[in-house]
Amino acid sequence: MTGLRLILARHGQTDANVHMAMDTRVPGGPLTEAGRRQAEELAEALAEEPVVAVYASTMIRAQQTAEPIAARHGLDVQVVNGIEEIYAGELDSRSDPASLRTFAEVYRGWLGVGGDLSRPLPGGENGRQVLDRCAAALSKIVSAHTRGTIVVVSHGAALRLVAPALADNLATLADEISMLQNTARIVLEEEPASPGGWHCVEWAGVRLGGAT
(Lines give C-alpha, C1' and ligand atoms only; values in the text may rest on other atoms or scores of the structure.)
Protein backbone atom coordinates (compact mmCIF):
# COMPACT_ATOMS: atom_id res chain seq x y z
CA MET A 1 0.00 0.00 0.00
CA THR A 2 1.24 3.47 -0.86
CA GLY A 3 -0.02 6.78 0.41
CA LEU A 4 -2.72 7.29 3.01
CA ARG A 5 -6.04 5.63 3.64
CA LEU A 6 -8.53 7.43 5.87
CA ILE A 7 -11.34 5.52 7.57
CA LEU A 8 -14.05 7.73 9.05
CA ALA A 9 -16.23 5.66 11.38
CA ARG A 10 -19.37 6.47 13.30
CA HIS A 11 -19.46 5.51 16.98
CA GLY A 12 -21.43 2.55 18.38
CA GLN A 13 -24.95 2.58 19.78
CA THR A 14 -25.92 4.78 22.76
CA ASP A 15 -29.10 5.13 24.79
CA ALA A 16 -29.80 8.37 22.93
CA ASN A 17 -29.69 6.45 19.64
CA VAL A 18 -32.13 3.89 20.99
CA HIS A 19 -34.58 6.61 22.04
CA MET A 20 -33.94 8.78 18.96
CA ALA A 21 -32.81 11.68 21.13
CA MET A 22 -30.24 14.28 20.11
CA ASP A 23 -27.12 14.02 22.29
CA THR A 24 -24.81 16.75 21.03
CA ARG A 25 -23.18 18.30 24.09
CA VAL A 26 -19.65 17.22 25.04
CA PRO A 27 -18.97 14.73 26.60
CA GLY A 28 -22.29 13.02 25.81
CA GLY A 29 -23.41 9.56 26.91
CA PRO A 30 -21.53 6.25 26.81
CA LEU A 31 -22.08 3.22 24.63
CA THR A 32 -24.73 0.65 25.45
CA GLU A 33 -23.76 -3.00 25.79
CA ALA A 34 -24.80 -3.43 22.16
CA GLY A 35 -22.63 -0.45 21.27
CA ARG A 36 -19.62 -2.03 22.94
CA ARG A 37 -20.19 -5.21 20.93
CA GLN A 38 -20.41 -3.12 17.78
CA ALA A 39 -17.09 -1.47 18.66
CA GLU A 40 -15.45 -4.89 19.07
CA GLU A 41 -16.90 -6.01 15.74
CA LEU A 42 -15.55 -2.87 14.08
CA ALA A 43 -12.11 -3.58 15.54
CA GLU A 44 -12.29 -7.10 14.14
CA ALA A 45 -13.31 -5.79 10.71
CA LEU A 46 -10.28 -3.48 10.68
CA ALA A 47 -7.83 -6.04 12.08
CA GLU A 48 -6.02 -6.51 8.76
CA GLU A 49 -5.76 -2.81 7.97
CA PRO A 50 -2.25 -1.32 8.37
CA VAL A 51 -3.52 1.11 11.00
CA VAL A 52 -0.91 3.65 12.08
CA ALA A 53 -3.11 5.91 14.23
CA VAL A 54 -6.55 5.96 15.85
CA TYR A 55 -8.30 9.23 16.64
CA ALA A 56 -11.59 10.00 18.38
CA SER A 57 -13.67 13.06 19.13
CA THR A 58 -13.94 14.53 22.63
CA MET A 59 -17.24 12.68 23.12
CA ILE A 60 -17.26 9.55 25.28
CA ARG A 61 -19.04 7.34 22.77
CA ALA A 62 -16.44 7.99 20.09
CA GLN A 63 -13.55 7.24 22.44
CA GLN A 64 -15.15 4.02 23.66
CA THR A 65 -15.66 2.92 20.06
CA ALA A 66 -12.06 3.72 19.18
CA GLU A 67 -10.51 1.88 22.14
CA PRO A 68 -10.76 -1.72 20.84
CA ILE A 69 -9.50 -0.63 17.41
CA ALA A 70 -6.44 1.01 18.95
CA ALA A 71 -5.83 -1.94 21.28
CA ARG A 72 -5.93 -4.37 18.35
CA HIS A 73 -3.06 -2.47 16.73
CA GLY A 74 -1.06 -1.69 19.87
CA LEU A 75 -1.90 2.01 19.71
CA ASP A 76 -3.39 4.66 21.98
CA VAL A 77 -6.54 6.58 21.13
CA GLN A 78 -5.70 10.19 20.35
CA VAL A 79 -8.53 12.53 21.35
CA VAL A 80 -8.92 15.61 19.16
CA ASN A 81 -11.13 18.68 19.12
CA GLY A 82 -13.14 19.62 16.06
CA ILE A 83 -14.76 16.33 15.02
CA GLU A 84 -17.60 16.33 17.55
CA GLU A 85 -21.23 15.87 16.53
CA ILE A 86 -23.18 18.85 15.20
CA TYR A 87 -24.28 20.93 18.19
CA ALA A 88 -28.07 21.08 18.08
CA GLY A 89 -28.53 23.98 20.52
CA GLU A 90 -32.12 24.23 21.72
CA LEU A 91 -32.88 20.84 20.19
CA ASP A 92 -30.26 18.99 22.24
CA SER A 93 -31.61 16.07 24.32
CA ARG A 94 -34.97 16.27 22.58
CA SER A 95 -36.68 13.42 20.76
CA ASP A 96 -40.13 14.84 20.00
CA PRO A 97 -41.26 14.71 16.35
CA ALA A 98 -41.26 18.50 15.93
CA SER A 99 -37.63 18.81 17.07
CA LEU A 100 -36.51 15.93 14.88
CA ARG A 101 -38.28 17.50 11.89
CA THR A 102 -36.59 20.83 12.53
CA PHE A 103 -33.16 19.24 12.69
CA ALA A 104 -33.81 17.21 9.54
CA GLU A 105 -35.08 20.24 7.61
CA VAL A 106 -32.07 22.41 8.47
CA TYR A 107 -29.61 19.57 7.93
CA ARG A 108 -31.02 18.60 4.54
CA GLY A 109 -30.70 22.23 3.49
CA TRP A 110 -26.94 22.07 4.11
CA LEU A 111 -26.36 19.06 1.87
CA GLY A 112 -25.50 18.91 -1.79
CA VAL A 113 -24.08 21.34 -4.29
CA GLY A 114 -25.38 24.80 -3.47
CA GLY A 115 -26.61 23.84 0.01
CA ASP A 116 -27.30 26.73 2.38
CA LEU A 117 -24.60 26.25 5.00
CA SER A 118 -25.33 29.59 6.64
CA ARG A 119 -28.63 28.52 8.22
CA PRO A 120 -28.16 27.55 11.89
CA LEU A 121 -29.99 25.07 14.03
CA PRO A 122 -31.99 26.96 16.70
CA GLY A 123 -29.35 28.09 19.20
CA GLY A 124 -26.84 25.72 17.60
CA GLU A 125 -24.27 25.53 14.81
CA ASN A 126 -24.68 26.26 11.16
CA GLY A 127 -23.34 24.03 8.43
CA ARG A 128 -20.32 26.20 7.65
CA GLN A 129 -19.15 26.08 11.27
CA VAL A 130 -19.42 22.29 11.33
CA LEU A 131 -17.72 21.85 7.98
CA ASP A 132 -14.87 24.22 8.80
CA ARG A 133 -14.04 22.73 12.20
CA CYS A 134 -14.22 19.13 10.97
CA ALA A 135 -12.15 19.83 7.86
CA ALA A 136 -9.51 21.70 9.88
CA ALA A 137 -9.25 18.87 12.43
CA LEU A 138 -8.96 16.20 9.73
CA SER A 139 -6.34 18.22 7.87
CA LYS A 140 -4.25 18.44 11.04
CA ILE A 141 -4.64 14.70 11.64
CA VAL A 142 -3.63 13.78 8.09
CA SER A 143 -0.64 16.12 8.08
CA ALA A 144 0.94 14.05 10.86
CA HIS A 145 1.16 10.93 8.63
CA THR A 146 2.59 9.96 5.25
CA ARG A 147 1.36 6.39 4.73
CA GLY A 148 -0.81 3.68 6.24
CA THR A 149 -4.40 3.73 7.46
CA ILE A 150 -5.71 6.38 9.82
CA VAL A 151 -8.94 5.61 11.69
CA VAL A 152 -11.04 8.53 12.91
CA VAL A 153 -14.10 7.78 15.06
CA SER A 154 -16.59 10.60 14.94
CA HIS A 155 -20.34 11.15 14.49
CA GLY A 156 -22.84 10.34 11.77
CA ALA A 157 -24.31 13.72 10.88
CA ALA A 158 -20.94 15.49 11.01
CA LEU A 159 -19.23 12.86 8.85
CA ARG A 160 -22.12 12.80 6.38
CA LEU A 161 -21.60 16.54 5.90
CA VAL A 162 -17.80 16.73 5.72
CA ALA A 163 -16.98 13.67 3.58
CA PRO A 164 -18.37 15.12 0.32
CA ALA A 165 -16.20 18.20 0.87
CA LEU A 166 -13.11 15.97 0.91
CA ALA A 167 -13.77 13.35 -1.75
CA ASP A 168 -14.08 14.21 -5.43
CA ASN A 169 -16.63 11.51 -6.20
CA LEU A 170 -19.01 12.33 -3.34
CA ALA A 171 -19.75 16.00 -3.96
CA THR A 172 -22.33 15.43 -6.67
CA LEU A 173 -23.83 12.47 -4.78
CA ALA A 174 -24.39 14.35 -1.52
CA ASP A 175 -28.18 14.22 -1.80
CA GLU A 176 -28.16 10.47 -2.48
CA ILE A 177 -25.61 8.82 -0.19
CA SER A 178 -27.10 7.25 2.90
CA MET A 179 -26.92 8.32 6.51
CA LEU A 180 -24.49 6.29 8.60
CA GLN A 181 -25.67 3.60 10.98
CA ASN A 182 -23.70 2.88 14.16
CA THR A 183 -20.07 1.91 13.37
CA ALA A 184 -20.62 2.33 9.63
CA ARG A 185 -17.54 3.71 7.91
CA ILE A 186 -16.44 5.84 5.01
CA VAL A 187 -13.16 4.79 3.39
CA LEU A 188 -11.14 7.45 1.58
CA GLU A 189 -7.86 7.12 -0.30
CA GLU A 190 -5.45 9.89 -1.16
CA GLU A 191 -6.08 11.50 -4.54
CA PRO A 192 -3.78 14.49 -5.13
CA ALA A 193 -5.69 15.47 -8.28
CA SER A 194 -8.92 15.92 -6.29
CA PRO A 195 -9.67 19.43 -4.97
CA GLY A 196 -10.29 17.95 -1.53
CA GLY A 197 -7.37 15.55 -1.77
CA TRP A 198 -9.37 12.32 -1.43
CA HIS A 199 -11.38 9.75 -3.35
CA CYS A 200 -14.08 7.66 -1.63
CA VAL A 201 -13.80 3.92 -2.27
CA GLU A 202 -16.42 2.72 0.22
CA TRP A 203 -19.50 4.21 1.88
CA ALA A 204 -21.18 2.20 4.67
CA GLY A 205 -20.20 -1.12 3.15
CA VAL A 206 -20.95 -0.14 -0.46
CA ARG A 207 -17.99 -0.04 -2.82
CA LEU A 208 -17.89 3.01 -5.06
CA GLY A 209 -16.63 3.04 -8.62
CA GLY A 210 -14.57 5.59 -10.49
CA ALA A 211 -14.75 9.33 -10.11
CA THR A 212 -17.97 10.95 -11.28
# chains A, B, ... in the order shown; residues from 1 in each chain; ligands from 1
$ residues_around --residues "Met22 (chain A)" --least-positions-apart "6" --cutoff "8 Å" --atoms "only C-alpha atoms" --output "list in words"
Ala16, Ala88, Leu91, Asp92, Ser93, Arg94 and Ser95 of chain A
$ closest_atom_pairs --of "region 96-180 of chain A" --to "region 50-72 of chain A" --cutoff "6 Å" --atoms "only C-alpha atoms" --output "tab-separated table"
residue	atom	partner	partner_atom	distance
A:Gly148	CA	A:Pro50	CA	5.6
A:Thr149	CA	A:Val51	CA	4.5
A:Ile150	CA	A:Ala53	CA	5.1
A:Val151	CA	A:Val54	CA	4.8
A:Val152	CA	A:Tyr55	CA	4.7
A:Val153	CA	A:Ala56	CA	4.7
A:Ser154	CA	A:Ser57	CA	5.7
$ atom_distance --atom1 "CA of Gln38 (chain A)" --atom2 "CA of Ala9 (chain A)"
11.6 Å
$ residues_around --residues "Ala193 (chain A)" --least-positions-apart "5" --cutoff "12 Å" --atoms "only C-alpha atoms" --output "ChimeraX atom specification"
/A:166-169,198-199,211
$ select_by_dssp --residues "region 94-160 of chain A" --states "strand (DSSP E)" --output "PyMOL selection string"
chain A and resi 148-154
$ write_last_selection --atoms "N, CA and C atoms" --output "mmCIF file, in the first residue's frame"
data_model
loop_
_atom_site.group_PDB
_atom_site.id
_atom_site.type_symbol
_atom_site.label_atom_id
_atom_site.label_comp_id
_atom_site.auth_asym_id
_atom_site.auth_seq_id
_atom_site.Cartn_x
_atom_site.Cartn_y
_atom_site.Cartn_z
ATOM 1 N N GLY A 148 -0.075 4.530 5.329
ATOM 2 C CA GLY A 148 -0.813 3.678 6.240
ATOM 3 C C GLY A 148 -2.268 4.118 6.370
ATOM 4 N N THR A 149 -2.982 3.447 7.246
ATOM 5 C CA THR A 149 -4.399 3.727 7.459
ATOM 6 C C THR A 149 -4.599 4.503 8.755
ATOM 7 N N ILE A 150 -5.333 5.581 8.658
ATOM 8 C CA ILE A 150 -5.712 6.380 9.822
ATOM 9 C C ILE A 150 -7.194 6.131 10.084
ATOM 10 N N VAL A 151 -7.539 5.795 11.314
ATOM 11 C CA VAL A 151 -8.939 5.615 11.692
ATOM 12 C C VAL A 151 -9.374 6.795 12.547
ATOM 13 N N VAL A 152 -10.479 7.402 12.157
ATOM 14 C CA VAL A 152 -11.041 8.528 12.906
ATOM 15 C C VAL A 152 -12.470 8.170 13.288
ATOM 16 N N VAL A 153 -12.752 8.101 14.591
ATOM 17 C CA VAL A 153 -14.096 7.785 15.065
ATOM 18 C C VAL A 153 -14.794 9.082 15.438
ATOM 19 N N SER A 154 -15.881 9.347 14.762
ATOM 20 C CA SER A 154 -16.595 10.605 14.936
ATOM 21 C C SER A 154 -18.097 10.322 14.983
#
$ select_by_dssp --residues "region 37-100 of chain A" --states "alpha helix (DSSP H)" --output "JSON, numbers by chain"
{"A": [37, 38, 39, 40, 41, 42, 43, 44, 45, 60, 61, 62, 63, 64, 65, 66, 67, 68, 69, 70, 71, 72, 97, 98, 99, 100]}
$ atom_distance --atom1 "CA of Asn126 (chain A)" --atom2 "CA of Leu31 (chain A)"
26.8 Å
$ atom_distance --atom1 "CA of Ser139 (chain A)" --atom2 "CA of Pro30 (chain A)"
27.1 Å
$ closest_residue --among "A:Asp132, A:Glu105, A:Asp116, A:Glu125" --to "Ile86 (chain A)" --atoms "only C-alpha atoms"
A:Glu125
$ closest_residue --among "A:Ala34, A:Met20, A:Val142, A:Leu161" --to "Glu85 (chain A)" --atoms "only C-alpha atoms"
A:Leu161
$ closest_residue --among "A:Val77, A:Leu170, A:Ala163, A:Ile83" --to "Gln129 (chain A)" --atoms "only C-alpha atoms"
A:Ile83
$ closest_residue --among "A:Ala158, A:Asn182, A:His73, A:Gly114" --to "Ala43 (chain A)" --atoms "only C-alpha atoms"
A:His73
$ closest_residue --among "A:Arg108, A:Arg101, A:Arg5, A:Lys140" --to "Gly127 (chain A)" --atoms "only C-alpha atoms"
A:Arg108
$ decode --residues "region 8-19 of chain A" --atoms "all heavy atoms" --output "tab-separated table (two decimals), in the first residue's frame"
chain	number	residue	atom	x	y	z
A	8	LEU	N	-13.20	6.91	8.18
A	8	LEU	CA	-14.05	7.73	9.05
A	8	LEU	C	-15.19	6.84	9.54
A	8	LEU	O	-16.01	6.38	8.75
A	8	LEU	CB	-14.60	8.93	8.28
A	8	LEU	CG	-13.57	9.80	7.55
A	8	LEU	CD1	-14.28	10.85	6.71
A	8	LEU	CD2	-12.63	10.45	8.56
A	9	ALA	N	-15.24	6.60	10.83
A	9	ALA	CA	-16.23	5.66	11.38
A	9	ALA	C	-17.16	6.36	12.36
A	9	ALA	O	-16.73	7.20	13.15
A	9	ALA	CB	-15.53	4.51	12.08
A	10	ARG	N	-18.42	5.99	12.30
A	10	ARG	CA	-19.37	6.47	13.30
A	10	ARG	C	-19.23	5.61	14.56
A	10	ARG	O	-18.90	4.43	14.48
A	10	ARG	CB	-20.81	6.39	12.78
A	10	ARG	CG	-21.81	7.07	13.71
A	10	ARG	CD	-23.25	6.84	13.31
A	10	ARG	NE	-24.14	7.42	14.30
A	10	ARG	CZ	-25.42	7.10	14.44
A	10	ARG	NH1	-25.97	6.19	13.64
A	10	ARG	NH2	-26.16	7.68	15.37
A	11	HIS	N	-19.51	6.21	15.70
A	11	HIS	CA	-19.46	5.51	16.98
A	11	HIS	C	-20.54	4.42	17.07
A	11	HIS	O	-21.47	4.36	16.27
A	11	HIS	CB	-19.67	6.51	18.12
A	11	HIS	CG	-21.00	7.21	18.03
A	11	HIS	ND1	-22.18	6.65	18.46
A	11	HIS	CD2	-21.33	8.42	17.51
A	11	HIS	CE1	-23.18	7.47	18.22
A	11	HIS	NE2	-22.69	8.56	17.63
A	12	GLY	N	-20.44	3.59	18.12
A	12	GLY	CA	-21.43	2.55	18.38
A	12	GLY	C	-22.69	3.10	19.03
A	12	GLY	O	-22.81	4.29	19.34
A	13	GLN	N	-23.62	2.20	19.28
A	13	GLN	CA	-24.95	2.58	19.78
A	13	GLN	C	-24.89	3.17	21.20
A	13	GLN	O	-24.13	2.71	22.06
A	13	GLN	CB	-25.84	1.35	19.80
A	13	GLN	CG	-27.27	1.62	20.22
A	13	GLN	CD	-28.01	0.36	20.60
A	13	GLN	OE1	-27.79	-0.21	21.66
A	13	GLN	NE2	-28.88	-0.10	19.71
A	14	THR	N	-25.74	4.18	21.44
A	14	THR	CA	-25.92	4.78	22.76
A	14	THR	C	-27.40	4.75	23.12
A	14	THR	O	-28.26	4.49	22.27
A	14	THR	CB	-25.45	6.25	22.77
A	14	THR	OG1	-26.32	7.02	21.92
A	14	THR	CG2	-24.02	6.38	22.26
A	15	ASP	N	-27.70	5.04	24.38
A	15	ASP	CA	-29.10	5.13	24.79
A	15	ASP	C	-29.84	6.20	24.00
A	15	ASP	O	-31.02	6.03	23.67
A	15	ASP	CB	-29.20	5.44	26.29
A	15	ASP	CG	-28.99	4.20	27.15
A	15	ASP	OD1	-29.28	3.09	26.67
A	15	ASP	OD2	-28.55	4.36	28.30
A	16	ALA	N	-29.16	7.30	23.71
A	16	ALA	CA	-29.80	8.37	22.93
A	16	ALA	C	-30.19	7.86	21.54
A	16	ALA	O	-31.26	8.21	21.03
A	16	ALA	CB	-28.87	9.57	22.81
A	17	ASN	N	-29.34	7.04	20.94
A	17	ASN	CA	-29.69	6.45	19.64
A	17	ASN	C	-30.94	5.59	19.75
A	17	ASN	O	-31.83	5.65	18.91
A	17	ASN	CB	-28.55	5.59	19.12
A	17	ASN	CG	-27.28	6.35	18.81
A	17	ASN	OD1	-26.20	5.78	18.87
A	17	ASN	ND2	-27.38	7.63	18.50
A	18	VAL	N	-31.00	4.78	20.80
A	18	VAL	CA	-32.13	3.89	20.99
A	18	VAL	C	-33.44	4.67	21.10
A	18	VAL	O	-34.47	4.29	20.55
A	18	VAL	CB	-31.93	3.01	22.25
A	18	VAL	CG1	-33.19	2.20	22.54
A	18	VAL	CG2	-30.73	2.09	22.07
A	19	HIS	N	-33.38	5.81	21.81
A	19	HIS	CA	-34.58	6.61	22.04
A	19	HIS	C	-34.74	7.75	21.04
A	19	HIS	O	-35.61	8.60	21.21
A	19	HIS	CB	-34.55	7.16	23.47
A	19	HIS	CG	-34.61	6.09	24.52
A	19	HIS	ND1	-33.49	5.64	25.18
A	19	HIS	CD2	-35.64	5.34	24.97
A	19	HIS	CE1	-33.83	4.68	26.03
A	19	HIS	NE2	-35.13	4.48	25.91
